[in-house]
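Have a look at the structure below before the remarks.
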Amino acid sequence: MPAQSIWTLLSWGPEGWSDDIASGVLVTIALALATLPIGLVTGFFVAFAKQHEESSLRLAGNIYTTVFRGLPELVTLFLFFFGMPLLLQYVVRLFNPDATINVNSFIAGMIVLSLIFSSYASEVFLSAFRAIPKGQYEGGYAIGLSKWQTMRLIVLPQLIRIAFPGLENCWLSLLKDTSLVSVVNLAETLRQSGVAARVTRHAFLFYSVAALIFLALAVLSSIATSYTLRYLGRREAR
């Protein structure tokens with residue numbers, strides 16, 4: 001393929017595809033960032049349940065992680081994207097027979113990725129919980145702190161510091177898993193690159209561009225998380 005042809009295809013404007021791919025990158029980043037807080041909070045509470053004294057909470061947490069770690073991500077996405085509208089439509093039609101339910105691709109992807117991310121993040125949090133000596137809890141209670149205050153002021157700062165490297169790996173996996181949502185027509189990076197590949201018949205070029213974009217996002221994430229980890233280390237030292 002001539003060099004001029006490559007630059008034309010990768011240019012901005014009506015003859016190129018860079019603007020379409022760039023919009024897909026923004027969707028990828030937005031999807032990952034929207035999923036992250038939901039997955040972190042859910043993962044924390046699942047881990048809290050899995051190490052709780054109450055056996056029913058431990059059982060519920062174990063079932064949750066077994067299901068969403070055991071199912072392939074793509075199967076989970078299909079089950080939710082195609083199954084939830086049927087279930088919701090059945091429930092809604094009990095009250096309104098003419099109602100039709102459609103699931104937004106972005107929302108579906110965010111929910112499914114949150115479920116998957118939280119199931120893996122919960123294992124990271126669980127390991128961090130187990131790494132904190134029980135004396136830390138007892139010391140908080142001894143100075144008059146409540147369970148909530150002990151968790152917030154003593155346990156949680158240590159938990160974040162211990163869990164952070166593992167959560168970084170979960171974040172990188174989340175970034176890559178956003179590409180799965182392309183199968184339900186969300187116009188993210190891989191979807192836009194695939195459209196360009198089919199239209200121009202230069203599949204290797206555009207899938208290589210997609211690969212470089214995901215690699216760049218991973219490198220930038222690693223740089224950001226390393227700075228954050230050093231900051232947490234300095235803060236803990238102080």
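Each chain in the structure tokens gets a letter, A, B and so on, in the order shown; residues start at 1 in every chain, and ligands are counted from 1 in the order they appear.
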Going by DSSP on the backbone, which residues of stretch 58-180 of chain A come out as helix (DSSP H, G or I)? List them as a PyMOL selection string. chain A and resi 58-70+73-93+105-131+134-142+147-180
Exercise: stretch 220-227 of chain A partners within 9 Å, only C-alpha atoms, chain neighbours under 4 positions left out, as number ranges by chain: A: 164-165, 168, 171-172, 215-216, 231-232
Selection export as a PDB file, in the first residue's frame, atoms kept: C-alpha atoms:
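Saved result, out31.pdb, follows:
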```
ATOM      1  CA  PHE A 164      -3.490  -0.771  44.773  1.00  0.00           C
ATOM      2  CA  PRO A 165      -1.034  -2.884  42.697  1.00  0.00           C
ATOM      3  CA  GLU A 168      -3.974  -1.639  38.696  1.00  0.00           C
ATOM      4  CA  TRP A 171      -7.937  -1.625  35.597  1.00  0.00           C
ATOM      5  CA  LEU A 172      -5.741  -2.734  32.697  1.00  0.00           C
ATOM      6  CA  LEU A 215      -1.211  -0.183  24.198  1.00  0.00           C
ATOM      7  CA  ALA A 216      -0.851   3.594  24.589  1.00  0.00           C
ATOM      8  CA  TYR A 231       2.104   9.371  46.446  1.00  0.00           C
ATOM      9  CA  LEU A 232       0.299   6.853  48.660  1.00  0.00           C
TER      10      LEU A 232
END
```
Of the listed residues A:Tyr141, A:Ala128, A:Leu175, A:Ser182, that which approaches A:Leu74 most closely, counting only C-alpha atoms: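 When distances to A:Leu74 are compared using only C-alpha atoms, the smallest one comes from A:Ser182.
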Please measure the separation of atom CA of A:Asn62 and atom CA of A:Val41, giving the value in Å to one decimal.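 It comes out at 16.6 Å.
Among the candidates A:Val103, A:Arg58, A:Ala187, A:Arg152, the residue lying nearest to A:Ser23 is A:Ala187 (atoms considered: only C-alpha atoms).
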Name the closest residue to A:Phe82 among the candidates A:Leu113, A:Ala108, A:Ile63, A:Val155; distances are taken between atoms, counting only C-alpha atoms.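 The closest residue to A:Phe82 is A:Ala108.
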With a distance cut-off of 10 Å and only C-alpha atoms, select the neighbouring residues of A:Ala22, excluding the residue or stretch itself and same-chain residues fewer than 2 positions from it, and output the selection as a list in words. Trp12, Trp17, Ser18, Asp19, Asp20, Gly24, Val25, Leu26, Val27, Thr28, Glu188, Thr189, Gln192, Ser193 and Ile213 of chain A
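Nearest to A:Asn169 of all the residues A:Phe95, A:Phe117, A:Phe214, A:Phe44 is A:Phe117, based on only C-alpha atoms.
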Let me make sure I understand: among A:Thr42, A:Glu15, A:Val112, A:Lys147, which one has the smallest atom-to-atom distance to A:Val199 if we use only C-alpha atoms?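 Checking each of A:Thr42, A:Glu15, A:Val112, A:Lys147 against A:Val199, counting only C-alpha atoms, the winner is A:Glu15.
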Let me make sure I understand: among A:Ile116, A:His52, A:Asn185, A:Ala218, which one has the smallest atom-to-atom distance to A:Val75 if we use only C-alpha atoms?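 Looking at the shortest contact to A:Val75, the residue is A:Ile116.
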For A:Tyr120, list every protein, DNA or RNA residue within 10 Å, evaluated using only C-alpha atoms, and leave out those in the same chain fewer than 4 positions away; present the list as a PyMOL selection string. chain A and resi 39-40+43+47+65-66+68-69+115-116+124-125+166-167+169-170+173
Close residues, stretch 129-140 of chain A itself excluded, 9 Å, only C-alpha atoms, min 3 positions apart in chain, as a list in words: Ala47, Phe48, Gln51, Val124, Phe125, Leu126, Ile143, Gly144, Leu145, Ser146, Lys147, Gln149, Thr150, Met151, Leu153, Ile154, Val155, Gln158, Leu159, Ile162 and Ala163 of chain A
Produce a file of the selected residues containing N, CA and C atoms, as a CSV table (one decimal), in the first residue's frame.
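Output saved as part24.csv:
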```
chain,number,residue,atom,x,y,z
A,47,ALA,N,-16.0,-8.1,48.9
A,47,ALA,CA,-14.9,-8.5,49.8
A,47,ALA,C,-15.2,-8.4,51.2
A,48,PHE,N,-15.9,-7.4,51.6
A,48,PHE,CA,-16.3,-7.2,53.0
A,48,PHE,C,-17.2,-8.3,53.4
A,51,GLN,N,-15.4,-11.8,54.0
A,51,GLN,CA,-14.7,-12.0,55.2
A,51,GLN,C,-15.5,-11.7,56.5
A,124,VAL,N,-8.9,-9.0,45.2
A,124,VAL,CA,-7.8,-8.1,45.6
A,124,VAL,C,-8.1,-7.5,46.9
A,125,PHE,N,-9.3,-7.0,47.1
A,125,PHE,CA,-9.6,-6.4,48.4
A,125,PHE,C,-9.6,-7.4,49.5
A,126,LEU,N,-10.1,-8.6,49.2
A,126,LEU,CA,-10.1,-9.7,50.2
A,126,LEU,C,-8.7,-10.0,50.7
A,143,ILE,N,-9.3,2.8,71.5
A,143,ILE,CA,-9.2,4.2,71.8
A,143,ILE,C,-10.6,4.9,71.6
A,144,GLY,N,-11.6,4.0,71.5
A,144,GLY,CA,-13.0,4.6,71.5
A,144,GLY,C,-13.6,4.8,70.1
A,145,LEU,N,-13.0,4.3,69.1
A,145,LEU,CA,-13.5,4.5,67.8
A,145,LEU,C,-14.6,3.4,67.5
A,146,SER,N,-15.6,3.8,66.8
A,146,SER,CA,-16.7,2.9,66.4
A,146,SER,C,-16.2,2.0,65.2
A,147,LYS,N,-16.9,1.0,64.9
A,147,LYS,CA,-16.5,0.1,63.8
A,147,LYS,C,-16.4,0.9,62.5
A,149,GLN,N,-15.7,4.2,62.2
A,149,GLN,CA,-14.6,5.1,62.3
A,149,GLN,C,-13.3,4.3,62.2
A,150,THR,N,-13.2,3.1,62.7
A,150,THR,CA,-12.0,2.3,62.6
A,150,THR,C,-11.8,1.9,61.2
A,151,MET,N,-12.8,1.5,60.5
A,151,MET,CA,-12.7,1.1,59.1
A,151,MET,C,-12.2,2.3,58.3
A,153,LEU,N,-10.8,5.3,59.2
A,153,LEU,CA,-9.6,6.1,59.6
A,153,LEU,C,-8.4,5.2,59.7
A,154,ILE,N,-8.5,3.9,60.0
A,154,ILE,CA,-7.4,3.0,60.3
A,154,ILE,C,-7.2,2.0,59.2
A,155,VAL,N,-8.3,1.3,58.9
A,155,VAL,CA,-8.2,0.1,58.0
A,155,VAL,C,-8.2,0.5,56.5
A,158,GLN,N,-4.9,1.7,54.9
A,158,GLN,CA,-3.9,0.6,54.7
A,158,GLN,C,-4.4,-0.3,53.6
A,159,LEU,N,-5.7,-0.5,53.5
A,159,LEU,CA,-6.3,-1.4,52.5
A,159,LEU,C,-6.1,-0.9,51.1
A,162,ILE,N,-2.4,-1.4,50.2
A,162,ILE,CA,-2.0,-2.8,49.9
A,162,ILE,C,-2.7,-3.3,48.6
A,163,ALA,N,-3.9,-2.9,48.4
A,163,ALA,CA,-4.7,-3.4,47.2
A,163,ALA,C,-4.3,-2.7,45.9
```
